[in-house]
>>> print(open('input_12.tsv').read())   # TSV, C-alpha atoms
chain	number	residue	atom	x	y	z
A	205	MET	CA	4.99	-3.02	-27.51
A	206	GLU	CA	7.44	-3.37	-24.65
A	207	TYR	CA	8.77	-6.83	-23.92
A	208	LYS	CA	8.63	-7.88	-20.31
A	209	ASP	CA	10.90	-10.68	-19.18
A	210	TYR	CA	8.64	-12.74	-16.97
A	211	TYR	CA	11.48	-15.10	-16.13
A	212	SER	CA	13.49	-12.28	-14.58
A	213	VAL	CA	10.35	-10.94	-12.86
A	214	LEU	CA	10.17	-14.26	-11.02
A	215	GLY	CA	13.95	-14.56	-10.82
A	216	VAL	CA	14.03	-17.98	-12.49
A	217	GLU	CA	15.98	-19.44	-15.42
A	218	ARG	CA	14.29	-19.93	-18.77
A	219	ASP	CA	14.32	-23.69	-18.29
A	220	ALA	CA	12.81	-23.50	-14.80
A	221	SER	CA	10.44	-26.32	-13.85
A	222	LYS	CA	6.81	-25.75	-12.94
A	223	ASP	CA	7.75	-26.27	-9.31
A	224	ASP	CA	10.51	-23.67	-9.50
A	225	ILE	CA	8.03	-21.21	-10.95
A	226	LYS	CA	5.44	-21.95	-8.30
A	227	HIS	CA	7.96	-21.58	-5.48
A	228	ALA	CA	9.32	-18.32	-6.87
A	229	TYR	CA	5.82	-16.97	-7.34
A	230	ARG	CA	4.65	-17.84	-3.84
A	231	ARG	CA	7.73	-16.32	-2.25
A	232	LEU	CA	7.46	-13.09	-4.25
A	233	ALA	CA	3.68	-12.85	-3.83
A	234	ARG	CA	4.20	-12.87	-0.06
A	235	LYS	CA	7.03	-10.37	-0.34
A	236	TYR	CA	5.08	-7.88	-2.47
A	237	HIS	CA	1.53	-8.39	-1.27
A	238	PRO	CA	0.31	-4.82	-0.73
A	239	ASP	CA	-1.20	-5.70	2.62
A	240	VAL	CA	2.04	-6.94	4.13
A	241	SER	CA	4.80	-5.36	2.06
A	242	LYS	CA	6.68	-2.24	2.99
A	243	GLU	CA	8.24	-1.96	-0.46
A	244	PRO	CA	7.34	1.38	-2.06
A	245	ASP	CA	6.14	-0.13	-5.36
A	246	ALA	CA	4.60	-3.25	-3.85
A	247	GLU	CA	1.28	-3.04	-5.67
A	248	GLN	CA	2.92	-2.77	-9.08
A	249	ARG	CA	5.37	-5.57	-8.31
A	250	PHE	CA	2.64	-7.81	-6.98
A	251	LYS	CA	0.68	-7.38	-10.20
A	252	GLU	CA	3.78	-8.08	-12.30
A	253	VAL	CA	4.60	-11.22	-10.35
A	254	GLY	CA	1.00	-12.41	-10.72
A	255	ASP	CA	1.08	-11.79	-14.48
A	256	ALA	CA	4.39	-13.62	-14.83
A	257	TYR	CA	3.12	-16.59	-12.86
A	258	GLU	CA	-0.09	-16.84	-14.81
A	259	VAL	CA	1.79	-16.95	-18.09
A	260	LEU	CA	4.69	-19.18	-17.09
A	261	PHE	CA	2.78	-21.69	-14.98
A	262	ASP	CA	0.41	-22.59	-17.80
A	263	PRO	CA	2.33	-24.75	-20.33
A	264	GLU	CA	0.27	-23.49	-23.25
A	265	LYS	CA	0.72	-19.83	-22.42
A	266	ARG	CA	4.36	-20.39	-21.56
A	267	ALA	CA	5.07	-21.98	-24.94
A	268	ALA	CA	3.36	-19.07	-26.65
A	269	TYR	CA	5.31	-16.59	-24.57
A	270	ASP	CA	8.60	-18.33	-25.35
A	271	GLN	CA	7.81	-17.97	-29.05
A	272	ILE	CA	8.13	-14.21	-28.71
A	273	GLY	CA	11.80	-14.82	-28.48
A	274	ALA	CA	14.49	-15.65	-26.03
A	275	ASP	CA	16.69	-12.93	-27.50
A	276	LEU	CA	14.58	-10.02	-26.36
A	277	LYS	CA	15.63	-8.02	-23.34
A	278	ASN	CA	13.40	-6.51	-20.70
A	279	GLY	CA	11.89	-3.26	-21.90
A	280	GLN	CA	12.92	-3.86	-25.52
A	281	SER	CA	10.21	-3.06	-28.00
A	282	PHE	CA	8.85	-5.74	-30.27
A	283	GLU	CA	6.05	-6.48	-32.69
A	284	PRO	CA	3.86	-9.42	-31.79
A	285	PRO	CA	3.61	-11.90	-34.67
A	286	PRO	CA	0.47	-11.63	-36.79
A	287	GLY	CA	-2.47	-13.56	-35.49
A	288	TRP	CA	-1.17	-13.37	-31.93
A	289	SER	CA	-4.30	-12.17	-30.31
A	290	ASP	CA	-6.43	-14.54	-32.40
A	291	GLN	CA	-4.50	-17.41	-30.96
A	292	PHE	CA	-5.78	-16.61	-27.53
A	293	SER	CA	-9.12	-15.27	-28.46
A	294	ALA	CA	-12.00	-17.30	-27.20
A	295	GLY	CA	-14.81	-14.99	-28.11
A	296	GLY	CA	-15.87	-11.40	-27.85
A	297	PHE	CA	-15.96	-11.37	-24.09
A	298	GLY	CA	-12.31	-10.36	-23.97
A	299	ASN	CA	-10.86	-7.29	-22.44
A	300	GLN	CA	-13.50	-6.26	-19.98
A	301	PHE	CA	-11.54	-6.95	-16.86
A	302	GLY	CA	-8.46	-5.21	-18.17
A	303	GLU	CA	-6.62	-3.21	-15.57
A	304	GLY	CA	-3.39	-2.21	-17.21
A	305	ASP	CA	-2.49	0.39	-19.77
A	306	PRO	CA	-2.70	-0.38	-23.48
A	307	GLY	CA	1.03	-1.04	-23.65
A	308	ASP	CA	0.83	-3.76	-21.02
A	309	LEU	CA	2.25	-6.96	-22.42
A	310	PHE	CA	0.10	-9.18	-20.30
A	311	ASP	CA	-3.09	-7.41	-21.23
A	312	SER	CA	-2.40	-7.33	-24.91
A	313	LEU	CA	-1.18	-10.88	-25.33
A	314	PHE	CA	-2.96	-12.89	-22.74
A	315	ARG	CA	-6.11	-11.08	-21.97
A	316	GLN	CA	-7.52	-10.59	-25.43
A	317	GLY	CA	-9.42	-13.79	-25.23
A	318	GLY	CA	-10.86	-16.08	-22.67
A	319	PHE	CA	-8.05	-15.87	-20.19
A	320	THR	CA	-8.79	-13.76	-17.21
A	321	ARG	CA	-6.63	-13.15	-14.23
A	322	ARG	CA	-7.03	-15.20	-11.13
A	323	GLY	CA	-6.57	-13.64	-7.76
A	324	GLY	CA	-5.05	-10.27	-8.60
A	325	PHE	CA	-5.02	-7.74	-5.78
A	326	GLN	CA	-8.04	-5.88	-7.05
A	327	SER	CA	-9.92	-8.92	-8.16
A	328	SER	CA	-10.06	-10.93	-4.96
A	329	PHE	CA	-13.67	-10.00	-4.27
A	330	GLN	CA	-16.63	-11.44	-6.05
A	331	GLY	CA	-19.24	-9.01	-4.89
A	332	THR	CA	-20.15	-5.74	-6.43
A	333	ASP	CA	-18.14	-3.67	-4.00
A	334	ARG	CA	-14.61	-2.62	-4.80
A	335	GLN	CA	-11.51	-1.86	-2.81
A	336	ALA	CA	-8.67	0.38	-3.84
A	337	THR	CA	-5.79	2.35	-2.39
A	338	ILE	CA	-5.22	6.07	-2.73
A	339	GLU	CA	-1.59	7.08	-2.66
A	340	ILE	CA	-1.07	10.64	-1.61
A	341	THR	CA	1.77	12.87	-0.51
A	342	LEU	CA	1.79	14.24	2.99
A	343	GLU	CA	1.68	17.80	1.64
A	344	ASP	CA	-1.42	17.12	-0.46
A	345	LEU	CA	-3.19	15.45	2.45
A	346	TYR	CA	-2.34	18.37	4.73
A	347	ALA	CA	-3.57	20.86	2.15
A	348	GLY	CA	-6.79	18.90	1.64
A	349	LYS	CA	-6.11	18.71	-2.07
A	350	PRO	CA	-8.64	16.63	-4.05
A	351	VAL	CA	-7.19	13.44	-5.49
A	352	GLU	CA	-8.03	12.05	-8.87
A	353	ILE	CA	-8.11	8.29	-9.18
A	354	SER	CA	-8.73	6.11	-12.17
A	355	LEU	CA	-10.43	2.73	-11.92
A	356	ASP	CA	-11.36	0.30	-14.61
A	357	SER	CA	-15.03	-0.22	-14.84
A	358	VAL	CA	-17.18	-2.38	-17.03
A	359	GLU	CA	-19.86	-0.79	-19.11
A	360	GLN	CA	-22.46	-2.30	-21.34
A	361	ARG	CA	-22.54	-0.84	-24.82
A	362	ALA	CA	-25.72	-0.32	-26.82
A	363	ASP	CA	-25.09	-3.58	-28.70
A	364	GLY	CA	-24.91	-5.45	-25.42
A	365	GLN	CA	-21.16	-6.02	-25.43
A	366	LEU	CA	-19.28	-5.35	-22.22
A	367	VAL	CA	-16.35	-3.00	-22.54
A	368	SER	CA	-13.75	-1.79	-20.11
A	369	LYS	CA	-13.69	1.93	-19.62
A	370	PRO	CA	-11.57	3.88	-17.17
A	371	LYS	CA	-13.67	5.64	-14.61
A	372	ARG	CA	-12.21	8.79	-13.14
A	373	LEU	CA	-13.17	10.06	-9.75
A	374	LYS	CA	-12.09	13.30	-8.16
A	375	ILE	CA	-12.21	12.77	-4.47
A	376	THR	CA	-11.92	15.10	-1.55
A	377	ILE	CA	-10.51	13.03	1.27
A	378	PRO	CA	-12.58	13.45	4.43
A	379	LYS	CA	-10.74	15.83	6.73
A	380	GLY	CA	-8.81	14.22	9.53
A	381	LEU	CA	-8.16	10.91	7.79
A	382	THR	CA	-4.57	9.78	7.78
A	383	ASP	CA	-2.33	6.94	6.69
A	384	GLY	CA	-3.99	3.51	6.66
A	385	GLN	CA	-7.50	4.80	7.31
A	386	SER	CA	-10.38	4.01	5.03
A	387	PHE	CA	-13.61	5.47	3.80
A	388	ARG	CA	-16.44	4.33	1.63
A	389	LEU	CA	-17.98	5.99	-1.38
A	390	LYS	CA	-21.49	4.69	-1.67
A	391	GLY	CA	-22.66	3.70	-5.12
A	392	GLN	CA	-19.21	4.00	-6.73
A	393	GLY	CA	-18.44	0.29	-6.95
A	394	ASN	CA	-19.27	-2.13	-9.71
A	395	PRO	CA	-22.61	-1.81	-11.45
A	396	GLY	CA	-25.36	-4.19	-10.46
A	397	SER	CA	-28.59	-5.18	-12.06
A	398	SER	CA	-30.08	-1.78	-11.29
A	399	LYS	CA	-28.84	1.66	-10.33
A	400	ASP	CA	-29.65	1.04	-6.67
A	401	ALA	CA	-27.75	-2.24	-6.74
A	402	THR	CA	-24.45	-0.56	-7.60
A	403	GLY	CA	-21.75	-1.57	-5.17
A	404	ASP	CA	-19.68	0.68	-2.97
A	405	LEU	CA	-16.07	1.69	-3.30
A	406	TYR	CA	-13.76	1.31	-0.31
A	407	LEU	CA	-10.68	3.48	-0.40
A	408	THR	CA	-7.70	3.22	1.92
A	409	LEU	CA	-5.24	6.05	2.26
A	410	LYS	CA	-1.59	5.33	1.77
A	411	LEU	CA	0.88	8.10	2.42
A	412	ARG	CA	3.93	8.18	0.22
A	413	PRO	CA	7.17	8.16	2.18
A	414	HIS	CA	8.40	11.65	2.97
A	415	ASN	CA	12.04	12.62	2.89
A	416	LEU	CA	11.93	14.72	6.08
A	417	PHE	CA	8.94	13.57	8.07
A	418	GLN	CA	7.74	10.35	9.55
A	419	VAL	CA	4.03	10.11	10.16
A	420	ASN	CA	2.45	8.34	13.08
A	421	GLY	CA	-1.29	8.87	13.02
A	422	LYS	CA	-1.68	12.61	13.25
A	423	ASP	CA	1.77	13.18	14.72
A	424	ILE	CA	4.81	14.05	12.67
A	425	GLN	CA	8.36	13.20	13.59
A	426	SER	CA	11.54	14.71	12.27
A	427	LYS	CA	15.17	14.95	13.24
A	428	LEU	CA	17.07	18.11	13.95
A	429	THR	CA	20.83	18.24	13.84
A	430	ILE	CA	22.53	20.58	16.27
A	431	ALA	CA	26.17	21.43	16.98
A	432	PRO	CA	27.78	20.39	20.28
A	433	PHE	CA	27.97	23.99	21.50
A	434	GLU	CA	24.25	24.45	20.73
A	435	ALA	CA	23.52	21.36	22.82
A	436	VAL	CA	25.54	22.78	25.73
A	437	LEU	CA	24.47	26.41	25.58
A	438	GLY	CA	20.96	26.06	24.15
A	439	ALA	CA	19.86	27.68	20.91
A	440	GLU	CA	16.98	28.70	18.76
A	441	LYS	CA	16.76	26.79	15.49
A	442	PRO	CA	14.38	26.95	12.53
A	443	VAL	CA	12.36	23.75	12.04
A	444	VAL	CA	10.41	22.92	8.90
A	445	THR	CA	6.86	21.82	9.75
A	446	LEU	CA	3.84	21.11	7.54
A	447	GLY	CA	2.46	24.56	8.19
A	448	GLY	CA	5.78	26.34	7.55
A	449	THR	CA	9.02	27.04	9.33
A	450	VAL	CA	8.91	27.73	13.07
A	451	ASN	CA	11.60	28.56	15.59
A	452	LEU	CA	12.33	25.88	18.14
A	453	LYS	CA	13.96	26.73	21.44
A	454	ILE	CA	16.54	24.16	22.40
A	455	PRO	CA	17.22	24.14	26.12
A	456	ALA	CA	20.81	24.26	27.40
A	457	GLY	CA	22.20	20.83	28.19
A	458	SER	CA	20.24	18.93	25.52
A	459	THR	CA	21.36	15.45	24.57
A	460	THR	CA	21.05	13.35	21.44
A	461	GLY	CA	17.67	11.64	21.35
A	462	LYS	CA	15.92	14.37	23.32
A	463	LYS	CA	12.42	14.92	21.98
A	464	LEU	CA	10.90	18.36	21.75
A	465	ARG	CA	7.26	18.82	20.96
A	466	LEU	CA	5.77	21.44	18.71
A	467	LYS	CA	2.19	21.22	19.87
A	468	GLY	CA	-0.48	21.27	17.20
A	469	ARG	CA	2.05	21.49	14.39
A	470	GLY	CA	1.33	18.02	13.01
A	471	LEU	CA	-1.52	16.80	10.83
A	472	PHE	CA	-5.04	17.92	11.77
A	473	GLY	CA	-4.12	19.17	15.24
A	474	GLY	CA	-1.52	16.49	15.95
A	475	ASP	CA	1.93	17.33	17.23
A	476	HIS	CA	5.26	17.65	15.51
A	477	ASN	CA	7.96	15.92	17.53
A	478	VAL	CA	11.55	16.86	16.92
A	479	THR	CA	14.33	14.47	17.90
A	480	LEU	CA	17.68	16.11	18.48
A	481	VAL	CA	20.85	14.68	17.02
A	482	ILE	CA	24.17	16.20	18.07
A	483	ASP	CA	26.46	16.36	15.11
A	484	VAL	CA	30.05	15.88	16.23
A	485	PRO	CA	32.29	17.64	13.74
A	486	ARG	CA	34.63	15.27	11.99
A	487	GLU	CA	36.96	18.03	10.91
A	488	VAL	CA	37.75	21.16	12.90
A	489	SER	CA	39.82	24.21	12.10
A	490	GLU	CA	43.02	24.87	14.00
A	491	GLU	CA	41.29	27.55	16.02
A	492	GLU	CA	38.42	25.26	16.97
A	493	ARG	CA	40.83	22.50	17.89
A	494	LYS	CA	42.59	24.93	20.27
A	495	LEU	CA	39.28	25.82	21.87
A	496	TYR	CA	38.40	22.17	22.38
A	497	GLN	CA	41.89	21.64	23.80
A	498	SER	CA	41.47	24.43	26.32
A	499	MET	CA	38.10	22.95	27.31
A	500	ALA	CA	39.85	19.64	27.86
A	501	ASN	CA	42.56	21.35	29.93
A	502	LEU	CA	39.89	23.09	31.97
A	503	LYS	CA	38.24	19.74	32.73
A	504	ASP	CA	41.62	18.35	33.83
A	505	GLN	CA	42.21	21.28	36.19
A	506	THR	CA	38.80	21.10	37.81
A	507	ASN	CA	39.25	17.33	38.06
A	508	GLU	CA	35.79	16.64	36.77
A	509	PRO	CA	35.25	13.37	35.05
A	510	VAL	CA	35.02	13.91	31.32
B	25	MET	CA	-17.62	20.18	-3.32
B	26	ASN	CA	-17.68	16.47	-2.60
B	27	ARG	CA	-20.19	15.00	-4.97
B	28	TYR	CA	-20.02	11.56	-3.43
B	29	ASP	CA	-21.74	9.98	-0.51
B	30	VAL	CA	-18.77	9.50	1.78
B	31	GLU	CA	-18.60	7.49	4.97
B	32	ILE	CA	-15.48	7.22	7.09
B	33	MET	CA	-14.71	3.69	8.24
B	34	ASN	CA	-14.08	4.10	11.97
B	35	GLU	CA	-15.23	2.90	15.38
B	36	THR	CA	-18.68	4.38	14.97
B	37	THR	CA	-19.52	2.91	11.56
B	38	VAL	CA	-21.85	-0.07	11.93
B	39	PHE	CA	-22.06	-3.09	9.61
B	40	THR	CA	-24.19	-6.18	10.00
B	41	LEU	CA	-22.63	-9.56	9.27
B	42	SER	CA	-24.18	-9.73	5.81
B	43	GLU	CA	-23.12	-6.17	4.97
B	44	ALA	CA	-19.59	-6.95	6.07
B	45	CYS	CA	-19.54	-10.07	3.87
B	46	ARG	CA	-21.03	-8.33	0.87
B	47	SER	CA	-18.43	-5.58	1.07
B	48	CYS	CA	-15.59	-7.94	0.13
B	49	GLY	CA	-17.15	-11.12	-1.20
B	50	ALA	CA	-16.30	-13.22	1.82
B	51	ASP	CA	-18.87	-15.72	3.05
B	52	THR	CA	-20.31	-15.69	6.57
B	53	HIS	CA	-18.30	-18.74	7.55
B	54	PHE	CA	-15.07	-16.90	6.77
B	55	VAL	CA	-16.08	-13.96	8.98
B	56	TYR	CA	-17.28	-16.35	11.69
B	57	GLU	CA	-13.88	-18.05	11.72
B	58	LEU	CA	-12.11	-14.66	11.89
B	59	VAL	CA	-14.11	-13.93	15.02
B	60	GLN	CA	-13.22	-17.35	16.47
B	61	GLU	CA	-9.53	-16.63	15.82
B	62	GLY	CA	-9.88	-13.30	17.60
B	63	VAL	CA	-8.87	-11.23	14.56
B	64	ILE	CA	-12.03	-9.14	14.90
B	65	GLN	CA	-14.54	-8.67	17.68
B	66	PRO	CA	-18.19	-8.15	16.90
B	67	GLN	CA	-20.72	-6.55	19.19
B	68	GLY	CA	-23.70	-8.68	20.10
B	69	ASP	CA	-23.81	-12.06	21.79
B	70	ARG	CA	-25.50	-14.22	19.21
B	71	VAL	CA	-24.32	-14.57	15.62
B	72	ASN	CA	-27.52	-13.14	14.20
B	73	GLU	CA	-27.05	-10.07	16.41
B	74	TRP	CA	-23.46	-9.45	15.39
B	75	VAL	CA	-22.47	-6.00	14.22
B	76	PHE	CA	-19.00	-4.86	13.22
B	77	ASP	CA	-17.43	-1.43	13.31
B	78	GLY	CA	-15.71	0.10	10.30
B	79	LEU	CA	-12.20	-0.80	11.47
B	80	SER	CA	-13.21	-4.47	11.80
B	81	VAL	CA	-14.70	-4.43	8.32
B	82	ILE	CA	-11.43	-3.12	6.88
B	83	ARG	CA	-9.67	-5.96	8.71
B	84	ILE	CA	-12.07	-8.44	7.13
B	85	HIS	CA	-11.24	-7.01	3.69
B	86	LYS	CA	-7.54	-7.37	4.37
B	87	ALA	CA	-7.93	-10.89	5.73
B	88	TYR	CA	-9.93	-11.92	2.70
B	89	ARG	CA	-7.26	-10.56	0.35
B	90	LEU	CA	-4.57	-12.54	2.19
B	91	TYR	CA	-6.81	-15.60	1.99
B	92	SER	CA	-7.60	-15.34	-1.70
B	93	ASP	CA	-4.32	-13.90	-3.00
B	94	LEU	CA	-1.83	-15.87	-0.90
B	95	HIS	CA	-3.94	-18.86	0.15
B	96	VAL	CA	-3.20	-18.18	3.80
B	97	ASN	CA	-5.46	-20.21	6.09
B	98	LEU	CA	-7.28	-18.71	9.06
B	99	PRO	CA	-4.74	-19.44	11.80
B	100	GLY	CA	-2.12	-18.08	9.40
B	101	ILE	CA	-4.16	-14.93	8.87
B	102	ALA	CA	-4.51	-14.51	12.64
B	103	LEU	CA	-0.75	-14.83	13.05
B	104	ALA	CA	-0.09	-12.39	10.19
B	105	PHE	CA	-2.40	-9.84	11.82
B	106	GLU	CA	-0.70	-10.21	15.16
B	107	LEU	CA	2.69	-9.58	13.58
B	108	LEU	CA	1.43	-6.74	11.37
B	109	ASP	CA	-0.15	-5.06	14.42
B	110	ARG	CA	3.14	-5.41	16.26
B	111	ILE	CA	5.03	-3.81	13.36
B	112	ASP	CA	2.52	-0.94	13.26
B	113	GLN	CA	3.03	-0.27	16.96
B	114	GLN	CA	6.75	0.18	16.54
>>> encode(input="input_12.tsv", output="structure tokens")
Amino acid sequence: MEYKDYYSVLGVERDASKDDIKHAYRRLARKYHPDVSKEPDAEQRFKEVGDAYEVLFDPEKRAAYDQIGADLKNGQSFEPPPGWSDQFSAGGFGNQFGEGDPGDLFDSLFRQGGFTRRGGFQSSFQGTDRQATIEITLEDLYAGKPVEISLDSVEQRADGQLVSKPKRLKITIPKGLTDGQSFRLKGQGNPGSSKDATGDLYLTLKLRPHNLFQVNGKDIQSKLTIAPFEAVLGAEKPVVTLGGTVNLKIPAGSTTGKKLRLKGRGLFGGDHNVTLVIDVPREVSEEERKLYQSMANLKDQTNEPV
Amino acid sequence: MNRYDVEIMNETTVFTLSEACRSCGADTHFVYELVQEGVIQPQGDRVNEWVFDGLSVIRIHKAYRLYSDLHVNLPGIALAFELLDRIDQQ
């Protein structure tokens, strides 16, 4: 099992007071809350911070956690002492709300028994509907590629015991949906008392950051670097778009910041807007330097302001 | 090939007040206060005639997560939404 240093997750010392822990938790919960955070791994961090808080804020759980050993480092593997899970076991109603993987420290040590998580991101609702986020790359969304998601769901076994079982769904995202938009899958939420009473599943799309493109609704934005002479004389340059490379005509006399539109080359009929950036060469060859010099001389002779 | 019953949450999706509440576990008072704060705007004059579009329902979900995860109160939620909307516009 991998050891997770909850003190470093919250950024507090091992002898931190309850108040310190609460303050650190509240600050980090705000920072990483998936609804307000722009951090790429916000959801994961938010869950981690919540786990750390739940363990360290409760004196009993904190004492138990400290027993594991102050010498262990984050990520180091360790064997929990025998009887660990028994210590926290309050009956057979254990794991059913488990969300993490089997190697998750929190799940294995603190969720075996009666302790269940308060107020995690996924668990803020009490109804039978569920909410989740689908992370997808821009390319996959453009291609309409089905996405597979895995959700924990509770199932009742033949002997009546409730068990957690991952539920996999392969979803085709409705065409035209883009970043931040949501859709509902009817009858894919939590089970109710009857088949008809099953809740719905609300999914919100979240585009992963792209290294070339910025997405604004259905429009795509990218930058194109051009040389000073291309800006002055005009040029034709290849531009990578979602649908492939196209040639973009740059008019003579273009300036940095000029926006050129490739109509219909964005997502689902949106546009692809290219912003020009003139790249001033930092180093020039002797020959180029002479050419720039003669341009400068020419400007002097014609008395035009430079 | 979509085997699921899919509904896009947009301007044309219609939810009643109780459907909107059920979809996230919020109570009617919470949604009522969100309306008072101007975070969402229902259609219909009287409370028992209120209907919400899909975008409003998603805002209710988000508001309820902020409320239950971060203990933000309703004026705080309204302020957060105003700032988040401003960030999105940039």
>>> interface_residues(input="input_12.tsv", of="chain B", to="chain A", cutoff="12 Å", atoms="only C-alpha atoms", output="JSON, numbers by chain")
{"B": [25, 26, 27, 28, 29, 30, 31, 32, 33, 34, 35, 37, 42, 43, 44, 45, 46, 47, 48, 49, 50, 51, 78, 79, 80, 81, 82, 83, 84, 85, 86, 87, 88, 89, 90, 91, 92, 93, 94, 95, 96, 101, 104, 105, 106, 107, 108, 109, 111, 112, 113, 114]}
>>> residues_around(input="input_12.tsv", residues="Val444 of chain A", least_positions_apart="6", cutoff="12 Å", atoms="only C-alpha atoms", output="PyMOL selection string")
chain A and resi 416-417+424-428+450-452+466+469-470+476-478
>>> atom_distance(input="input_12.tsv", atom1="atom CA of Asn501 of chain A", atom2="atom CA of Thr429 of chain A")
27.2 Å
>>> closest_residue(input="input_12.tsv", among="B:Thr52, B:Phe39, B:Phe76, B:Asn97", to="Ile64 of chain B", atoms="only C-alpha atoms")
B:Phe76
>>> atom_distance(input="input_12.tsv", atom1="atom CA of Arg218 of chain A", atom2="atom CA of Glu206 of chain A")
18.9 Å
>>> closest_residue(input="input_12.tsv", among="A:Phe261, A:Asp423, A:Val351, A:Glu247", to="Asp224 of chain A", atoms="all atoms listed in the file")
A:Phe261
>>> atom_distance(input="input_12.tsv", atom1="atom CA of Thr382 of chain A", atom2="atom CA of Glu57 of chain B")
29.6 Å
>>> axis_aligned_box(input="input_12.tsv", around="segment 379-387 of chain A", padding_each_side="4 Å", output="AutoDock Vina command-line options")
--center_x -8.0 --center_y 9.7 --center_z 6.7 --size_x 19.3 --size_y 20.3 --size_z 13.7
